[in-house]
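> This is final_24.cif (mmCIF, C-alpha atoms).
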data_protein
#
loop_
_atom_site.label_atom_id
_atom_site.label_comp_id
_atom_site.auth_asym_id
_atom_site.auth_seq_id
_atom_site.Cartn_x
_atom_site.Cartn_y
_atom_site.Cartn_z
CA MET A 24 91.82 183.43 282.43
CA GLY A 25 92.22 182.68 286.16
CA THR A 26 89.81 180.25 287.84
CA ASN A 27 88.32 182.94 290.09
CA ARG A 28 87.72 185.23 287.14
CA LEU A 29 86.13 182.40 285.17
CA LEU A 30 83.94 181.48 288.16
CA HIS A 31 82.84 185.08 288.48
CA GLU A 32 81.89 185.21 284.80
CA MET A 33 80.00 181.92 285.09
CA GLU A 34 78.12 183.24 288.13
CA LEU A 35 77.16 186.41 286.29
CA PHE A 36 75.96 184.36 283.34
CA PHE A 37 73.94 182.13 285.69
CA PHE A 38 72.39 185.14 287.42
CA GLY A 39 71.53 186.68 284.05
CA THR A 40 70.06 183.44 282.70
CA ILE A 41 67.73 183.03 285.68
CA SER A 42 66.75 186.70 285.68
CA ALA A 43 65.90 186.59 281.97
CA SER A 44 63.83 183.44 282.40
CA VAL A 45 61.90 184.83 285.37
CA SER A 46 61.30 188.16 283.62
CA HIS A 47 59.87 186.23 280.67
CA GLU A 48 57.47 184.37 282.92
CA LEU A 49 56.45 187.53 284.79
CA ASN A 50 55.81 189.20 281.45
CA ASN A 51 53.50 186.33 280.50
CA VAL A 52 51.54 186.78 283.72
CA LEU A 53 51.26 190.53 283.14
CA SER A 54 50.12 189.89 279.57
CA ILE A 55 47.32 187.62 280.83
CA ILE A 56 46.21 190.20 283.41
CA ASN A 57 46.36 192.87 280.70
CA GLU A 58 44.06 190.78 278.45
CA TYR A 59 41.61 190.12 281.29
CA ALA A 60 41.48 193.85 282.14
CA GLY A 61 40.84 194.56 278.47
CA LEU A 62 38.20 191.85 278.32
CA LEU A 63 36.34 193.38 281.29
CA ASP A 64 36.39 196.72 279.49
CA ASP A 65 35.16 195.04 276.29
CA LEU A 66 32.27 193.39 278.15
CA VAL A 67 31.20 196.73 279.72
CA THR A 68 31.38 198.41 276.29
CA ALA A 69 29.30 195.60 274.77
CA ASP A 70 26.78 195.91 277.61
CA LYS A 71 26.32 199.61 276.85
CA LYS A 72 25.59 198.62 273.26
CA GLY A 73 22.85 196.28 274.44
CA ILE A 74 24.78 193.01 274.70
CA PRO A 75 24.44 192.22 278.42
CA PHE A 76 27.18 190.33 280.22
CA GLU A 77 26.59 187.51 282.67
CA ASN A 78 27.64 188.06 286.28
CA GLU A 79 29.19 184.60 286.37
CA ARG A 80 31.44 185.54 283.47
CA ILE A 81 32.72 188.59 285.38
CA LYS A 82 33.24 186.52 288.54
CA LYS A 83 35.25 183.97 286.55
CA ILE A 84 37.48 186.69 285.05
CA ALA A 85 38.05 188.21 288.52
CA LEU A 86 38.99 184.77 289.85
CA ASN A 87 41.40 184.22 286.95
CA ILE A 88 43.05 187.59 287.61
CA SER A 89 43.54 186.77 291.30
CA GLU A 90 45.03 183.38 290.35
CA GLN A 91 47.51 185.09 288.03
CA ILE A 92 48.44 187.55 290.79
CA LYS A 93 49.07 184.59 293.11
CA ARG A 94 51.22 182.99 290.40
CA GLN A 95 53.14 186.24 290.08
CA GLN A 96 53.66 186.47 293.85
CA ASP A 97 55.07 182.93 293.88
CA ILE A 98 57.50 183.75 291.07
CA ILE A 99 58.62 186.95 292.79
CA LYS A 100 59.17 185.13 296.13
CA LEU A 101 61.23 182.52 294.29
CA LEU A 102 63.31 185.21 292.55
CA ASN A 103 63.75 187.06 295.82
CA ARG A 104 65.08 183.97 297.63
CA PHE A 105 67.36 183.22 294.65
CA ALA A 106 68.79 186.75 294.60
CA HIS A 107 69.33 186.90 298.38
CA ARG A 108 71.54 183.82 298.24
CA VAL A 109 74.41 186.12 297.23
CA ASP A 110 74.09 188.08 300.48
CA LYS A 111 76.60 186.08 302.54
CA PRO A 112 79.41 183.90 301.16
CA VAL A 113 79.01 181.24 303.85
CA VAL A 114 75.81 180.72 305.79
CA GLN A 115 73.71 177.94 307.35
CA PHE A 116 70.70 177.01 305.22
CA ILE A 117 68.27 174.18 304.56
CA LEU A 118 69.40 172.40 301.42
CA ASN A 119 65.91 170.92 300.81
CA ASP A 120 64.53 174.45 300.26
CA LEU A 121 67.37 175.44 297.96
CA VAL A 122 67.03 172.28 295.83
CA TYR A 123 63.28 172.82 295.57
CA ASP A 124 63.75 176.46 294.50
CA ILE A 125 66.41 175.78 291.87
CA ILE A 126 64.33 172.96 290.34
CA ARG A 127 61.38 175.34 290.11
CA LEU A 128 63.60 177.98 288.51
CA SER A 129 64.83 175.36 286.02
CA GLN A 130 61.29 174.31 285.15
CA ARG A 131 60.88 176.83 282.35
CA PHE A 132 64.05 175.55 280.63
CA ALA A 133 62.74 172.00 280.93
CA SER A 134 59.26 172.97 279.69
CA LEU A 135 60.72 174.55 276.55
CA LYS A 136 62.18 171.11 275.75
CA LYS A 137 59.00 169.32 276.89
CA VAL A 138 60.98 167.59 279.62
CA SER A 139 59.59 167.12 283.11
CA LEU A 140 61.59 167.64 286.28
CA GLU A 141 60.80 165.45 289.26
CA PHE A 142 62.42 165.39 292.66
CA THR A 143 62.47 163.57 295.96
CA LEU A 144 63.58 165.45 299.05
CA PRO A 145 64.18 163.94 302.49
CA GLN A 146 61.46 164.57 305.06
CA ASP A 147 63.90 165.98 307.58
CA PRO A 148 65.51 169.32 306.76
CA LEU A 149 69.12 168.93 305.70
CA ASN A 150 70.99 171.84 307.30
CA ILE A 151 74.31 172.69 305.74
CA ILE A 152 76.88 175.46 306.12
CA ASN A 153 78.16 176.55 302.73
CA ASN A 154 77.86 179.11 299.97
CA PRO A 155 74.18 178.92 298.93
CA PHE A 156 74.66 180.81 295.68
CA ALA A 157 77.42 178.45 294.54
CA VAL A 158 75.38 175.39 295.54
CA GLN A 159 72.38 176.50 293.45
CA HIS A 160 74.77 177.36 290.62
CA ALA A 161 76.23 173.83 290.70
CA ILE A 162 72.80 172.15 290.73
CA PHE A 163 71.47 174.37 287.94
CA SER A 164 74.56 173.69 285.78
CA CYS A 165 74.03 169.94 286.19
CA LEU A 166 70.33 170.19 285.35
CA ILE A 167 71.07 172.21 282.21
CA LEU A 168 73.69 169.66 281.17
CA ALA A 169 71.14 166.87 281.70
CA LEU A 170 68.56 168.85 279.70
CA ASP A 171 70.97 169.29 276.78
CA PHE A 172 70.91 165.53 276.27
CA SER A 173 67.22 164.98 276.99
CA ASN A 174 64.58 164.15 274.45
CA ARG A 175 60.98 165.30 274.30
CA ASN A 176 58.85 163.74 277.10
CA ASP A 177 61.90 162.64 279.10
CA CYS A 178 61.90 163.00 282.86
CA ILE A 179 64.90 164.17 284.88
CA THR A 180 64.77 163.15 288.54
CA THR A 181 66.67 164.85 291.32
CA LEU A 182 67.23 163.08 294.63
CA LEU A 183 68.62 164.74 297.73
CA ASP A 184 70.12 162.64 300.49
CA LYS A 185 72.71 162.64 303.24
CA GLU A 186 75.68 160.30 303.23
CA GLU A 187 77.97 160.54 306.25
CA GLU A 188 79.26 164.13 306.40
CA GLN A 189 78.04 165.22 303.02
CA ALA A 190 74.86 165.93 301.16
CA THR A 191 74.41 164.09 297.86
CA ILE A 192 72.36 165.43 295.01
CA LYS A 193 71.72 162.82 292.33
CA ILE A 194 70.36 163.85 288.97
CA ILE A 195 69.10 160.87 286.99
CA CYS A 196 68.98 161.53 283.28
CA ARG A 197 69.73 160.22 279.80
CA PRO A 198 73.45 159.50 279.22
CA ILE A 199 75.59 162.48 278.32
CA ASP A 200 77.78 162.22 275.22
CA LYS A 201 81.42 162.47 276.11
CA ASN A 202 82.90 165.10 273.82
CA ASP A 203 85.10 168.17 274.10
CA GLU A 204 82.15 170.44 274.83
CA THR A 205 80.72 168.30 277.64
CA GLU A 206 84.21 167.79 279.10
CA LYS A 207 84.55 171.58 279.17
CA ILE A 208 81.17 171.96 280.89
CA LEU A 209 82.00 169.27 283.47
CA LYS A 210 85.34 170.93 284.15
CA ARG A 211 83.56 174.21 284.75
CA ILE A 212 81.08 172.56 287.13
CA SER A 213 84.11 171.09 288.95
CA TYR A 214 85.41 174.63 289.45
CA ILE A 215 82.14 175.50 291.22
CA THR A 216 82.11 172.35 293.38
CA ASP A 217 85.85 172.55 294.21
CA ASN A 218 85.32 176.09 295.43
CA ILE A 219 82.73 174.92 298.00
CA GLY A 220 84.59 171.81 299.13
CA GLY A 221 82.42 169.51 297.04
CA ARG A 222 82.85 167.35 293.97
CA ILE A 223 80.97 165.98 290.99
CA ASN A 224 81.04 162.60 289.29
CA ILE A 225 78.95 160.73 286.77
CA ILE A 226 78.01 157.07 286.82
CA LEU A 227 76.08 154.89 284.41
CA THR A 228 73.27 152.73 285.78
CA ASP A 229 72.16 149.26 284.72
CA ASP A 230 69.12 150.64 282.90
CA ASP A 231 71.32 152.89 280.70
CA SER A 232 70.45 156.03 282.60
CA GLN A 233 73.13 158.22 283.98
CA ILE A 234 73.46 159.74 287.43
CA ILE A 235 75.19 163.06 287.87
CA ARG A 236 76.25 163.09 291.51
CA LEU A 237 77.06 166.24 293.41
CA PHE A 238 78.66 165.90 296.82
CA ILE A 239 78.41 168.93 299.08
CA PRO A 240 79.99 168.94 302.56
CA LEU A 241 77.53 169.51 305.41
CA SER A 242 79.94 172.08 306.74
CA VAL A 243 82.39 173.75 304.43
CA PRO A 244 86.02 173.27 305.66
CA ASP A 245 87.79 176.33 307.06
CA HIS A 246 90.37 176.60 304.26
CA THR A 247 87.55 176.45 301.70
CA ARG A 248 85.71 179.24 303.55
CA ASP A 249 88.80 181.38 303.12
CA ASN A 250 88.93 180.53 299.41
CA ILE A 251 85.25 181.48 298.99
CA ARG A 252 85.84 184.82 300.73
CA ASP A 253 89.01 185.46 298.72
CA SER A 254 87.33 184.75 295.41
CA ILE A 255 84.46 187.08 296.32
CA ASN A 256 86.79 189.82 297.57
CA GLU A 257 88.73 189.67 294.31
CA HIS A 258 85.64 190.94 292.53
CA MET B 1 30.55 185.67 262.13
CA GLY B 2 33.39 187.77 260.69
CA ASP B 3 35.17 187.77 257.36
CA ILE B 4 38.56 187.06 258.87
CA ASN B 5 39.55 183.75 260.46
CA VAL B 6 42.43 183.86 262.91
CA LEU B 7 44.31 181.10 264.69
CA CYS B 8 45.97 182.12 268.00
CA VAL B 9 48.84 179.97 269.25
CA ASP B 10 50.45 180.46 272.67
CA ASP B 11 51.28 177.98 275.44
CA GLU B 12 49.58 180.25 277.99
CA GLU B 13 46.04 178.89 277.72
CA GLU B 14 44.40 181.83 279.45
CA LEU B 15 46.12 184.32 277.18
CA VAL B 16 44.88 182.43 274.13
CA SER B 17 41.29 182.25 275.40
CA ALA B 18 41.28 185.99 276.25
CA TRP B 19 42.64 186.88 272.79
CA VAL B 20 40.01 184.67 271.14
CA GLU B 21 37.15 186.24 273.10
CA ARG B 22 38.37 189.80 272.54
CA LEU B 23 38.86 189.26 268.82
CA GLN B 24 35.41 187.70 268.55
CA LEU B 25 33.91 190.75 270.28
CA ARG B 26 35.51 192.78 267.46
CA GLY B 27 33.89 190.68 264.77
CA ILE B 28 36.90 188.50 263.99
CA ASP B 29 36.50 184.72 263.95
CA ALA B 30 39.19 183.33 266.19
CA GLU B 31 40.28 179.97 267.50
CA GLY B 32 43.08 179.15 269.89
CA VAL B 33 45.49 176.30 270.56
CA THR B 34 48.37 175.94 273.02
CA ASN B 35 50.98 174.04 271.03
CA GLY B 36 52.50 173.74 267.58
CA TYR B 37 51.25 170.24 266.83
CA GLU B 38 47.61 171.24 267.26
CA ALA B 39 48.25 174.43 265.28
CA ILE B 40 49.68 172.58 262.28
CA GLN B 41 46.88 170.01 262.39
CA LEU B 42 44.21 172.75 262.43
CA ILE B 43 45.87 174.61 259.57
CA LYS B 44 45.69 171.42 257.49
CA GLU B 45 41.98 171.03 258.28
CA LYS B 46 40.61 174.58 258.18
CA ARG B 47 41.05 177.81 256.31
CA PHE B 48 42.67 180.58 258.31
CA ASP B 49 43.55 184.04 257.04
CA VAL B 50 46.09 184.94 259.73
CA VAL B 51 48.03 183.10 262.45
CA ILE B 52 49.06 184.78 265.72
CA LEU B 53 52.05 182.85 267.02
CA ASP B 54 54.14 183.09 270.20
CA ILE B 55 57.87 182.61 269.57
CA LYS B 56 58.88 180.90 272.83
CA MET B 57 56.83 177.77 273.31
CA PRO B 58 57.53 174.36 274.82
CA GLY B 59 58.44 171.55 272.46
CA MET B 60 58.21 173.24 269.10
CA SER B 61 59.27 176.88 268.99
CA GLY B 62 57.24 179.55 267.19
CA PHE B 63 59.90 179.76 264.46
CA GLU B 64 59.72 176.01 263.87
CA ILE B 65 55.92 176.15 263.74
CA MET B 66 56.05 179.05 261.27
CA LYS B 67 58.43 177.05 259.05
CA ARG B 68 55.98 174.14 259.02
CA ILE B 69 53.00 176.44 258.43
CA LYS B 70 54.80 177.91 255.43
CA THR B 71 55.34 174.39 254.08
CA GLU B 72 51.59 173.76 254.26
CA ARG B 73 50.44 177.21 253.16
CA GLN B 74 53.21 179.51 252.07
CA GLU B 75 50.93 182.53 251.62
CA LEU B 76 49.40 182.37 255.13
CA PRO B 77 50.51 185.50 257.07
CA VAL B 78 51.99 184.90 260.51
CA ILE B 79 52.14 187.60 263.18
CA LEU B 80 54.78 186.65 265.74
CA ILE B 81 54.41 187.54 269.40
CA THR B 82 57.38 187.77 271.73
CA GLY B 83 58.01 188.59 275.36
CA HIS B 84 61.28 190.29 274.40
CA GLN B 85 62.19 192.73 271.67
CA CYS B 86 61.47 191.63 268.12
CA GLN B 87 64.59 192.94 266.46
CA ASP B 88 67.43 191.15 268.19
CA ASP B 89 70.23 189.48 266.26
CA GLU B 90 69.08 186.00 267.17
CA ASN B 91 65.62 186.55 265.66
CA LYS B 92 66.52 188.69 262.68
CA GLY B 93 66.74 185.92 260.08
CA MET B 94 63.60 184.14 261.19
CA LEU B 95 61.51 187.31 261.42
CA ALA B 96 61.92 187.73 257.68
CA GLY B 97 59.25 185.07 257.04
CA SER B 98 56.64 186.71 259.27
CA PHE B 99 54.12 189.44 258.46
CA ASP B 100 54.99 191.36 261.61
CA CYS B 101 56.19 190.94 265.18
CA LEU B 102 54.56 192.33 268.34
CA VAL B 103 55.84 192.50 271.90
CA LYS B 104 53.76 191.26 274.85
CA PRO B 105 51.62 192.63 276.39
CA VAL B 106 49.88 193.28 273.10
CA ASP B 107 47.49 196.20 272.59
CA ILE B 108 44.34 194.59 271.19
CA GLU B 109 43.62 197.47 268.79
CA VAL B 110 47.15 197.21 267.37
CA LEU B 111 46.65 193.46 267.01
CA VAL B 112 43.32 193.93 265.22
CA ASP B 113 44.93 196.49 262.89
CA LYS B 114 47.78 194.08 262.05
CA ILE B 115 45.33 191.20 261.53
CA THR B 116 43.20 193.29 259.17
CA LYS B 117 46.22 194.39 257.16
CA ALA B 118 47.65 190.86 257.05
CA ALA B 119 44.33 189.39 255.91
CA LYS B 120 44.01 191.96 253.11
CA ARG B 121 47.51 191.31 251.82
#
In structure tokens, how does this file's structure come out?

Amino acid sequence: MGTNRLLHEMELFFFGTISASVSHELNNVLSIINEYAGLLDDLVTADKKGIPFENERIKKIALNISEQIKRQQDIIKLLNRFAHRVDKPVVQFILNDLVYDIIRLSQRFASLKKVSLEFTLPQDPLNIINNPFAVQHAIFSCLILALDFSNRNDCITTLLDKEEEQATIKIICRPIDKNDETEKILKRISYITDNIGGRINIILTDDDSQIIRLFIPLSVPDHTRDNIRDSINEH
Amino acid sequence: MGDINVLCVDDEEELVSAWVERLQLRGIDAEGVTNGYEAIQLIKEKRFDVVILDIKMPGMSGFEIMKRIKTERQELPVILITGHQCQDDENKGMLAGSFDCLVKPVDIEVLVDKITKAAKR
């Protein structure tokens, strides 16, 4: 299979994975609202049978429903921003916002493993010109790799910084076993980073943690822009 | 209160508390917890007739919890709850150990019917 074809399949899989996760969370929110609506109906029915409800109880349920609607709005905004990152192959964007969004979208995967995701973003916005969909794909792939080797109650920390003419995203996690499967995953992440003029490497720290480092150019080189457009046009 | 004791397990705390309250209004004794560890501990301490259990939960999945429940009390019926469809290939084998499987959002009357049937089994 050609690299562009493989990249396209990986991107589709990534898009599907995030969509499935978000739909699961939205379904949970709807289920809660459904139960609260049912509970209000139950309380009215009970009242008619002579079991009066307390106004405070109703106010609390109404407040809970509005909190769930706010939660749902936040999830939808997040999904909307994620989906719109496919709109243009190369565009200027604030990397801080993208890193924040993709960590939030990864939160459900981390929660299922009881792992927490922490992050530190620079105060100043880090503007870059690149393919936003590919950048979020690369970060997500690294986070999932880190999660695969995490234990319950671990914490994975993501740091965003600027070093000369590139942005660096460091993911500090438990060491990754070097085996055929992880080599394959790392090679696939390299396909993503190569395609946007970036690179990935992994270093061990003194405290036996590991840092997955993603380097993304602040401005994607011209020949890479052409590659990005070509790979998109092929599909 | 009621003749049937139900344990509801889901990581969404508000969902659990709403289920508990609605079941209680229908004369069913219900308690809720938000993780598998608490669920297994409670099952060791108290007598429940039915367990309502979400499949996708942080830490210990619903399937893993059901396996442990069955080790403690093999006869205890478990009604699984899922956000997706019940009958996919991934779940098929594990569903065999459950009394039934329902898809969220759950209709409370359907849930009560399943609980009643499971408790009578």
> Could you list, as a PyMOL selection string, every residue within 10 Å of A:Asn50, counting only C-alpha atoms and ignoring same-chain residues fewer than 5 positions away?
(chain A and resi 44-45+55-56+95) or (chain B and resi 82-84+104-105)
> Using the chain letters and numbers from the file, give me the residues hit by the PyMOL selection byres ((chain A) within 9 of (chain B)), as an mmCIF file with C-alpha atoms, in the coordinates of the input.

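This went into expr16.cif:
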data_model
loop_
_atom_site.group_PDB
_atom_site.id
_atom_site.type_symbol
_atom_site.label_atom_id
_atom_site.label_comp_id
_atom_site.auth_asym_id
_atom_site.auth_seq_id
_atom_site.Cartn_x
_atom_site.Cartn_y
_atom_site.Cartn_z
ATOM 1 C CA SER A 46 61.300 188.160 283.620
ATOM 2 C CA HIS A 47 59.870 186.230 280.670
ATOM 3 C CA GLU A 48 57.470 184.370 282.920
ATOM 4 C CA ASN A 50 55.810 189.200 281.450
ATOM 5 C CA ASN A 51 53.500 186.330 280.500
ATOM 6 C CA VAL A 52 51.540 186.780 283.720
ATOM 7 C CA LEU A 53 51.260 190.530 283.140
ATOM 8 C CA SER A 54 50.120 189.890 279.570
ATOM 9 C CA ILE A 55 47.320 187.620 280.830
ATOM 10 C CA ILE A 56 46.210 190.200 283.410
ATOM 11 C CA ASN A 57 46.360 192.870 280.700
ATOM 12 C CA GLU A 58 44.060 190.780 278.450
ATOM 13 C CA TYR A 59 41.610 190.120 281.290
ATOM 14 C CA GLY A 61 40.840 194.560 278.470
ATOM 15 C CA LEU A 62 38.200 191.850 278.320
ATOM 16 C CA ASP A 65 35.160 195.040 276.290
ATOM 17 C CA LEU A 66 32.270 193.390 278.150
ATOM 18 C CA ALA A 69 29.300 195.600 274.770
ATOM 19 C CA ASN A 87 41.400 184.220 286.950
ATOM 20 C CA ARG A 131 60.880 176.830 282.350
ATOM 21 C CA PHE A 132 64.050 175.550 280.630
ATOM 22 C CA ALA A 133 62.740 172.000 280.930
ATOM 23 C CA SER A 134 59.260 172.970 279.690
ATOM 24 C CA LEU A 135 60.720 174.550 276.550
ATOM 25 C CA LYS A 136 62.180 171.110 275.750
ATOM 26 C CA LYS A 137 59.000 169.320 276.890
ATOM 27 C CA VAL A 138 60.980 167.590 279.620
ATOM 28 C CA ARG A 175 60.980 165.300 274.300
#
> I need every residue sitting at most 10 Å from the point (51.7, 192.5, 261.3) (coordinates as in the file, all atoms listed in the file considered), written as a ChimeraX atom specification.
/B:50,52,77-81,98-102,110-119
> In Å, how far is it from atom CA of B:Phe63 to atom CA of B:Asp11?
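If I compute the distance from atom CA of B:Phe63 to atom CA of B:Asp11, I get 14.1 Å.
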> From the set A:Ala60, A:Ala106, A:Ile162, A:Ile212, which residue has the shortest atom-to-atom contact distance to A:Ile84, counting all atoms listed in the file?
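Going through A:Ala60, A:Ala106, A:Ile162, A:Ile212 one by one, the smallest distance to A:Ile84 is for A:Ala60.
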> Taking all atoms of stretch 115-120 of chain A that the file lists and extending 5 Å past them on each side, where is the centre of the axis-aligned box and how long are its edges? Answer in Å to one decimal, as lines of an AutoDock Vina configuration file.

center_x = 69.1
center_y = 174.4
center_z = 303.8
size_x = 19.2
size_y = 17.0
size_z = 17.1
> Using Å and a single decimal, report how far atom CA of A:Phe172 sits from atom CA of A:Ile192.
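Between these atoms lies a distance of 18.8 Å.
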> Give me, please, the distance in Å between atom CA of B:Val33 and atom CA of B:Val9, quoted to one decimal.
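Computing it gives 5.1 Å between the two atoms.
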> Give me, as JSON lines, the closest atom pair and its distance (Å, one decimal) for every residue of stretch 99-211 of chain A within a cut-off of 8 Å of stretch 233-242 of chain A, counting only C-alpha atoms, rows sorted by chain and rising number.

{"residue": "A:Asn150", "atom": "CA", "partner": "A:Leu241", "partner_atom": "CA", "distance": 7.2}
{"residue": "A:Ile151", "atom": "CA", "partner": "A:Leu241", "partner_atom": "CA", "distance": 4.5}
{"residue": "A:Ile152", "atom": "CA", "partner": "A:Ser242", "partner_atom": "CA", "distance": 4.6}
{"residue": "A:Asn153", "atom": "CA", "partner": "A:Ser242", "partner_atom": "CA", "distance": 6.3}
{"residue": "A:Val158", "atom": "CA", "partner": "A:Ile239", "partner_atom": "CA", "distance": 8.0}
{"residue": "A:Ile162", "atom": "CA", "partner": "A:Leu237", "partner_atom": "CA", "distance": 7.8}
{"residue": "A:Cys165", "atom": "CA", "partner": "A:Ile235", "partner_atom": "CA", "distance": 7.2}
{"residue": "A:Glu188", "atom": "CA", "partner": "A:Leu241", "partner_atom": "CA", "distance": 5.7}
{"residue": "A:Gln189", "atom": "CA", "partner": "A:Pro240", "partner_atom": "CA", "distance": 4.2}
{"residue": "A:Ala190", "atom": "CA", "partner": "A:Ile239", "partner_atom": "CA", "distance": 5.1}
{"residue": "A:Thr191", "atom": "CA", "partner": "A:Phe238", "partner_atom": "CA", "distance": 4.7}
{"residue": "A:Ile192", "atom": "CA", "partner": "A:Leu237", "partner_atom": "CA", "distance": 5.0}
{"residue": "A:Lys193", "atom": "CA", "partner": "A:Arg236", "partner_atom": "CA", "distance": 4.6}
{"residue": "A:Ile194", "atom": "CA", "partner": "A:Ile235", "partner_atom": "CA", "distance": 5.0}
{"residue": "A:Ile195", "atom": "CA", "partner": "A:Ile234", "partner_atom": "CA", "distance": 4.5}
{"residue": "A:Cys196", "atom": "CA", "partner": "A:Gln233", "partner_atom": "CA", "distance": 5.4}
{"residue": "A:Arg197", "atom": "CA", "partner": "A:Gln233", "partner_atom": "CA", "distance": 5.7}
{"residue": "A:Pro198", "atom": "CA", "partner": "A:Gln233", "partner_atom": "CA", "distance": 4.9}
{"residue": "A:Ile199", "atom": "CA", "partner": "A:Gln233", "partner_atom": "CA", "distance": 7.5}
> What would the selection look like, as an MDAnalysis selection string, if the PyMOL selection byres ((chain B and resi 30) around 6) were run on the coordinates I just shared?
chainID B and resid 5:7 20 29 31
> Selection in question (the file shown): the PyMOL selection byres ((chain B and resi 76) around 8). Which residues does it include, as a short mmCIF file (atom, residue, chain, number, x, y, z; two decimals) with C-alpha atoms, keeping the file's coordinate frame?

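In the end it all went to expr-v3.cif:
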data_model
loop_
_atom_site.label_atom_id
_atom_site.label_comp_id
_atom_site.auth_asym_id
_atom_site.auth_seq_id
_atom_site.Cartn_x
_atom_site.Cartn_y
_atom_site.Cartn_z
CA PHE B 48 42.67 180.58 258.31
CA ASP B 49 43.55 184.04 257.04
CA VAL B 50 46.09 184.94 259.73
CA VAL B 51 48.03 183.10 262.45
CA ILE B 69 53.00 176.44 258.43
CA LYS B 70 54.80 177.91 255.43
CA ARG B 73 50.44 177.21 253.16
CA GLN B 74 53.21 179.51 252.07
CA GLU B 75 50.93 182.53 251.62
CA PRO B 77 50.51 185.50 257.07
CA VAL B 78 51.99 184.90 260.51
#
> Which residue, A:Ile74, A:Leu29, A:Val109, A:Ala85, has the smallest gap to A:Ile215 when you use all atoms listed in the file?
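That would be A:Leu29, the residue with the smallest distance to A:Ile215.
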> Let me make sure I understand: among A:Lys207, A:Arg28, A:Lys71, A:Lys185, which one has the smallest atom-to-atom distance to A:Leu118 if we use all atoms listed in the file?
A:Lys185
> Write out as a ChimeraX atom specification the residues lying within 9 Å of B:Ala39, counting all atoms listed in the file and excluding same-chain residues fewer than 2 positions away.
/B:7-9,32-37,41-44,65,69
> For the selection just defined, write its residues with C-alpha atoms to a file, as a compact mmCIF listing (two decimals), in the frame of the given file.

# COMPACT_ATOMS: atom_id res chain seq x y z
CA LEU B 7 44.31 181.10 264.69
CA CYS B 8 45.97 182.12 268.00
CA VAL B 9 48.84 179.97 269.25
CA GLY B 32 43.08 179.15 269.89
CA VAL B 33 45.49 176.30 270.56
CA THR B 34 48.37 175.94 273.02
CA ASN B 35 50.98 174.04 271.03
CA GLY B 36 52.50 173.74 267.58
CA TYR B 37 51.25 170.24 266.83
CA GLN B 41 46.88 170.01 262.39
CA LEU B 42 44.21 172.75 262.43
CA ILE B 43 45.87 174.61 259.57
CA LYS B 44 45.69 171.42 257.49
CA ILE B 65 55.92 176.15 263.74
CA ILE B 69 53.00 176.44 258.43
